[in-house]
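Undergrad: Pasting in a structure now, in structure tokens, and then I'll have a few things to ask.
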Amino acid sequence: MKIAVLIKQTPDTAELPKVSAEEVKSGDVNATMVINPWDEYAAEEALLLDDRFGAGSVALSMGSEDATDALKHALAMGIGEAVLIDSSALGDADMWTTAAALAAAVKEQGDVELVLTGKQSVDGNSGALFAGVACKLGWSLLTNVAKIVDMGDGFITVERMVDGGQETVQAPLPAVVSVAKEINDPRYPSFMGIRKANRANIPVLTAADLGVSDVSATEWANIRKPEQVETEVVIIEGDSVAEKAAKLADAIMAEKVI
């Protein structure tokens, strides 16, 4: 059994405020690029499942040659293998084409029974790519998973985060699982792991290798950041609690909060 972890390279969250919508659309982002933080939870869970069930692991990412840095981070954490899907022939491929390419890459690995992903990426924030991958594979989909309870006899049992609590769900394998940050605490890559990852030869699969040629491109005609909201702090003064409360109520009503 093998576990595939879907990895994306994204801008460092500390630099995201400096990234323009045009850069995101073109893919030419002028920022430090790192592994998507949400995907670290998926990579960590693959390592923990390897310890529990003896499952091998492979990290998959779609992008340019520079995306190998994110894959090397996964390797440094302890993921067994890594594969890059070259996106150069796919141009402005949208999420559906990306899902098709990743699903085809999963099939290329042979005996994968579980795909792990983060809940979203810090740049696109769609939180939907894993649904496309599950659809293309025709596999079960479990989202916002906070704990993988068990795997065996062709089934996976998980605890999902839902509004107001958690629910325990069992689904047949193979499956695609998006994990919540509550599932674990990702480890830091060790020095030896970093050295090993830097020497790793990461194979590259092209769109032609995967048989992906039907490129669809969703056109985003109006991408913009939300308008900046100006805030002001007001200190309510008064000689008594009752006076302060009355002034506060008046201020809230003046702002039409109530």
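In the structure tokens, chains take letters A, B, ... by order of appearance, with residues numbered from 1 within each chain and ligands from 1 in the order shown.
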Tell me which protein, DNA and RNA residues are within 7 Å of Val115 of chain A, counting only C-alpha atoms, leaving out same-chain ones fewer than 4 positions away, and put them as a PyMOL selection string.
TA: chain A and resi 3-5+175-177
Undergrad: Of the residues A:Glu108, A:Glu65, A:Glu15, A:Glu44, which is the one nearest to Asp209 of chain A, using only C-alpha atoms?
TA: A:Glu108
Undergrad: Nearest to Leu173 of chain A: which of A:Gly238, A:Met192, A:Leu141, A:Asn198 is it, counting only C-alpha atoms?
TA: A:Leu141
Undergrad: Give me the residues near segment 34-38 of chain A as number ranges by chain, where near means some atom within 9 Å (using only C-alpha atoms) and where sequence neighbours in that chain fewer than 4 positions away do not count.
TA: A: 7-13, 42, 67, 69-71, 73-74, 117-123, 179-181
Undergrad: What separation in Å, quoted to one decimal, exists between atom CA of Asp153 of chain A and atom CA of Ile79 of chain A?
TA: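 Pair atom CA of Asp153 of chain A / atom CA of Ile79 of chain A returns 24.5 Å.
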Undergrad: Determine which residues of segment 6-205 of chain A receive a DSSP assignment of strand (DSSP E or B), computed from the backbone, and state them as a ChimeraX atom specification.
TA: /A:6,9-11,33-35,56-63,81-86,112-118,140-152,155-162,165-172,175-179,204-205
Undergrad: For those residues, write C-alpha atoms to a file as a PDB file, in the first residue's frame.
TA:
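Result saved to again.pdb:
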ATOM      1  CA  LEU A   6      -0.411  16.277  -2.949  1.00  0.00           C
ATOM      2  CA  GLN A   9       4.533  25.421  -3.738  1.00  0.00           C
ATOM      3  CA  THR A  10       3.098  28.739  -2.567  1.00  0.00           C
ATOM      4  CA  PRO A  11       4.350  32.170  -1.491  1.00  0.00           C
ATOM      5  CA  MET A  33       8.237  30.275  -2.418  1.00  0.00           C
ATOM      6  CA  VAL A  34       7.777  27.491   0.140  1.00  0.00           C
ATOM      7  CA  ILE A  35       5.738  24.348   0.643  1.00  0.00           C
ATOM      8  CA  GLY A  56       5.014   3.795   1.682  1.00  0.00           C
ATOM      9  CA  SER A  57       4.630   7.422   0.634  1.00  0.00           C
ATOM     10  CA  VAL A  58       5.118   9.602  -2.428  1.00  0.00           C
ATOM     11  CA  ALA A  59       4.748  13.366  -2.785  1.00  0.00           C
ATOM     12  CA  LEU A  60       3.255  14.731  -6.008  1.00  0.00           C
ATOM     13  CA  SER A  61       3.309  18.338  -7.177  1.00  0.00           C
ATOM     14  CA  MET A  62       2.351  20.098 -10.388  1.00  0.00           C
ATOM     15  CA  GLY A  63       4.291  23.150 -11.474  1.00  0.00           C
ATOM     16  CA  GLU A  81       9.535   9.474  -2.975  1.00  0.00           C
ATOM     17  CA  ALA A  82       8.644  12.582  -4.940  1.00  0.00           C
ATOM     18  CA  VAL A  83       7.412  13.213  -8.479  1.00  0.00           C
ATOM     19  CA  LEU A  84       6.966  16.520 -10.308  1.00  0.00           C
ATOM     20  CA  ILE A  85       4.268  17.000 -12.943  1.00  0.00           C
ATOM     21  CA  ASP A  86       5.603  19.505 -15.471  1.00  0.00           C
ATOM     22  CA  VAL A 112      -1.820   4.005  -4.102  1.00  0.00           C
ATOM     23  CA  GLU A 113      -4.869   3.475  -1.888  1.00  0.00           C
ATOM     24  CA  LEU A 114      -4.921   6.810  -0.101  1.00  0.00           C
ATOM     25  CA  VAL A 115      -4.375  10.401  -1.265  1.00  0.00           C
ATOM     26  CA  LEU A 116      -3.759  13.008   1.427  1.00  0.00           C
ATOM     27  CA  THR A 117      -4.067  16.756   0.855  1.00  0.00           C
ATOM     28  CA  GLY A 118      -4.142  19.933   2.895  1.00  0.00           C
ATOM     29  CA  SER A 140     -14.269   8.167  -1.900  1.00  0.00           C
ATOM     30  CA  LEU A 141     -13.773  11.730  -0.612  1.00  0.00           C
ATOM     31  CA  LEU A 142     -13.433  12.681   3.054  1.00  0.00           C
ATOM     32  CA  THR A 143     -12.867  16.326   3.965  1.00  0.00           C
ATOM     33  CA  ASN A 144     -11.717  18.311   7.005  1.00  0.00           C
ATOM     34  CA  VAL A 145     -10.405  15.171   8.714  1.00  0.00           C
ATOM     35  CA  ALA A 146      -9.019  15.702  12.221  1.00  0.00           C
ATOM     36  CA  LYS A 147      -8.067  12.071  12.927  1.00  0.00           C
ATOM     37  CA  ILE A 148      -7.529   8.883  10.957  1.00  0.00           C
ATOM     38  CA  VAL A 149      -8.818   6.250  13.347  1.00  0.00           C
ATOM     39  CA  ASP A 150      -8.064   3.081  11.389  1.00  0.00           C
ATOM     40  CA  MET A 151      -7.398   1.562   7.987  1.00  0.00           C
ATOM     41  CA  GLY A 152      -7.979  -2.061   7.131  1.00  0.00           C
ATOM     42  CA  PHE A 155     -12.036   0.671   4.635  1.00  0.00           C
ATOM     43  CA  ILE A 156     -10.796   3.846   6.300  1.00  0.00           C
ATOM     44  CA  THR A 157     -12.364   5.284   9.452  1.00  0.00           C
ATOM     45  CA  VAL A 158     -11.876   8.960  10.265  1.00  0.00           C
ATOM     46  CA  GLU A 159     -13.121  11.729  12.512  1.00  0.00           C
ATOM     47  CA  ARG A 160     -14.250  14.840  10.619  1.00  0.00           C
ATOM     48  CA  MET A 161     -14.558  18.384  11.927  1.00  0.00           C
ATOM     49  CA  VAL A 162     -18.115  19.646  11.387  1.00  0.00           C
ATOM     50  CA  GLY A 165     -18.491  19.082  16.793  1.00  0.00           C
ATOM     51  CA  GLN A 166     -17.036  15.998  15.127  1.00  0.00           C
ATOM     52  CA  GLU A 167     -18.411  12.976  13.326  1.00  0.00           C
ATOM     53  CA  THR A 168     -16.931   9.523  12.779  1.00  0.00           C
ATOM     54  CA  VAL A 169     -17.166   8.299   9.186  1.00  0.00           C
ATOM     55  CA  GLN A 170     -16.157   5.061   7.484  1.00  0.00           C
ATOM     56  CA  ALA A 171     -15.560   4.909   3.724  1.00  0.00           C
ATOM     57  CA  PRO A 172     -14.219   2.311   1.304  1.00  0.00           C
ATOM     58  CA  ALA A 175      -9.969   7.340  -0.877  1.00  0.00           C
ATOM     59  CA  VAL A 176      -8.953  10.997  -1.053  1.00  0.00           C
ATOM     60  CA  VAL A 177      -8.672  12.710   2.332  1.00  0.00           C
ATOM     61  CA  SER A 178      -8.173  16.417   3.036  1.00  0.00           C
ATOM     62  CA  VAL A 179      -6.820  16.988   6.523  1.00  0.00           C
ATOM     63  CA  VAL A 204       9.407  14.584 -13.939  1.00  0.00           C
ATOM     64  CA  LEU A 205       6.204  13.536 -15.678  1.00  0.00           C
TER      65      LEU A 205
END
Undergrad: Going by DSSP on the backbone, which residues of segment 127-158 of chain A come out as alpha helix (DSSP H)? List them as a list in words.
TA: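 Taking segment 127-158 of chain A and keeping alpha helix (DSSP H) only, one gets Leu129, Phe130, Ala131, Gly132, Val133, Ala134, Cys135, Lys136 and Leu137 of chain A.
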Undergrad: Take the residues just selected and output them with N, CA and C atoms as a PDB file, in the first residue's frame.
TA:
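Result saved to part-v4.pdb:
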ATOM      1  N   LEU A 129      -9.604  21.590  -4.841  1.00  0.00           N
ATOM      2  CA  LEU A 129      -8.844  20.758  -5.777  1.00  0.00           C
ATOM      3  C   LEU A 129      -8.985  19.277  -5.453  1.00  0.00           C
ATOM      4  N   PHE A 130      -8.971  18.936  -4.162  1.00  0.00           N
ATOM      5  CA  PHE A 130      -9.066  17.520  -3.790  1.00  0.00           C
ATOM      6  C   PHE A 130     -10.376  16.904  -4.249  1.00  0.00           C
ATOM      7  N   ALA A 131     -11.438  17.713  -4.331  1.00  0.00           N
ATOM      8  CA  ALA A 131     -12.717  17.190  -4.826  1.00  0.00           C
ATOM      9  C   ALA A 131     -12.606  16.806  -6.295  1.00  0.00           C
ATOM     10  N   GLY A 132     -11.886  17.630  -7.072  1.00  0.00           N
ATOM     11  CA  GLY A 132     -11.667  17.297  -8.475  1.00  0.00           C
ATOM     12  C   GLY A 132     -10.833  16.056  -8.652  1.00  0.00           C
ATOM     13  N   VAL A 133      -9.795  15.904  -7.815  1.00  0.00           N
ATOM     14  CA  VAL A 133      -8.940  14.708  -7.879  1.00  0.00           C
ATOM     15  C   VAL A 133      -9.758  13.463  -7.558  1.00  0.00           C
ATOM     16  N   ALA A 134     -10.568  13.521  -6.494  1.00  0.00           N
ATOM     17  CA  ALA A 134     -11.405  12.374  -6.132  1.00  0.00           C
ATOM     18  C   ALA A 134     -12.380  12.032  -7.249  1.00  0.00           C
ATOM     19  N   CYS A 135     -12.941  13.060  -7.879  1.00  0.00           N
ATOM     20  CA  CYS A 135     -13.885  12.845  -8.981  1.00  0.00           C
ATOM     21  C   CYS A 135     -13.201  12.164 -10.159  1.00  0.00           C
ATOM     22  N   LYS A 136     -12.011  12.664 -10.526  1.00  0.00           N
ATOM     23  CA  LYS A 136     -11.280  12.081 -11.646  1.00  0.00           C
ATOM     24  C   LYS A 136     -10.855  10.641 -11.367  1.00  0.00           C
ATOM     25  N   LEU A 137     -10.516  10.360 -10.104  1.00  0.00           N
ATOM     26  CA  LEU A 137     -10.119   8.997  -9.744  1.00  0.00           C
ATOM     27  C   LEU A 137     -11.324   8.077  -9.547  1.00  0.00           C
TER      28      LEU A 137
END
Undergrad: List the spatial neighbours of Leu210 of chain A as JSON, numbers by chain - criterion: any atom at most 9 Å away, only C-alpha atoms, same-chain residues fewer than 2 positions off excluded.
TA: {"A": [85, 101, 104, 105, 108, 205, 206, 207, 208, 212, 213]}
Undergrad: Just the selected residues (C-alpha atoms), exported as a PDB file, in the first residue's frame, please.
TA:
ATOM      1  CA  ILE A  85       4.268  17.000 -12.943  1.00  0.00           C
ATOM      2  CA  ALA A 101      -3.098  15.745 -14.159  1.00  0.00           C
ATOM      3  CA  ALA A 104      -3.295  10.633 -13.602  1.00  0.00           C
ATOM      4  CA  ALA A 105      -0.030  10.952 -11.672  1.00  0.00           C
ATOM      5  CA  GLU A 108       1.032   6.178 -12.376  1.00  0.00           C
ATOM      6  CA  LEU A 205       6.204  13.536 -15.678  1.00  0.00           C
ATOM      7  CA  THR A 206       4.900  15.559 -18.606  1.00  0.00           C
ATOM      8  CA  ALA A 207       1.302  16.064 -19.664  1.00  0.00           C
ATOM      9  CA  ALA A 208       1.979  13.729 -22.575  1.00  0.00           C
ATOM     10  CA  VAL A 212      -3.581  14.860 -20.253  1.00  0.00           C
ATOM     11  CA  SER A 213      -4.259  16.996 -23.301  1.00  0.00           C
TER      12      SER A 213
END
Undergrad: Between atom CA of Ala55 of chain A and atom CA of Gly78 of chain A, measure the distance and give it in Å to one decimal.
TA: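 Distance between the two atoms: 12.6 Å.
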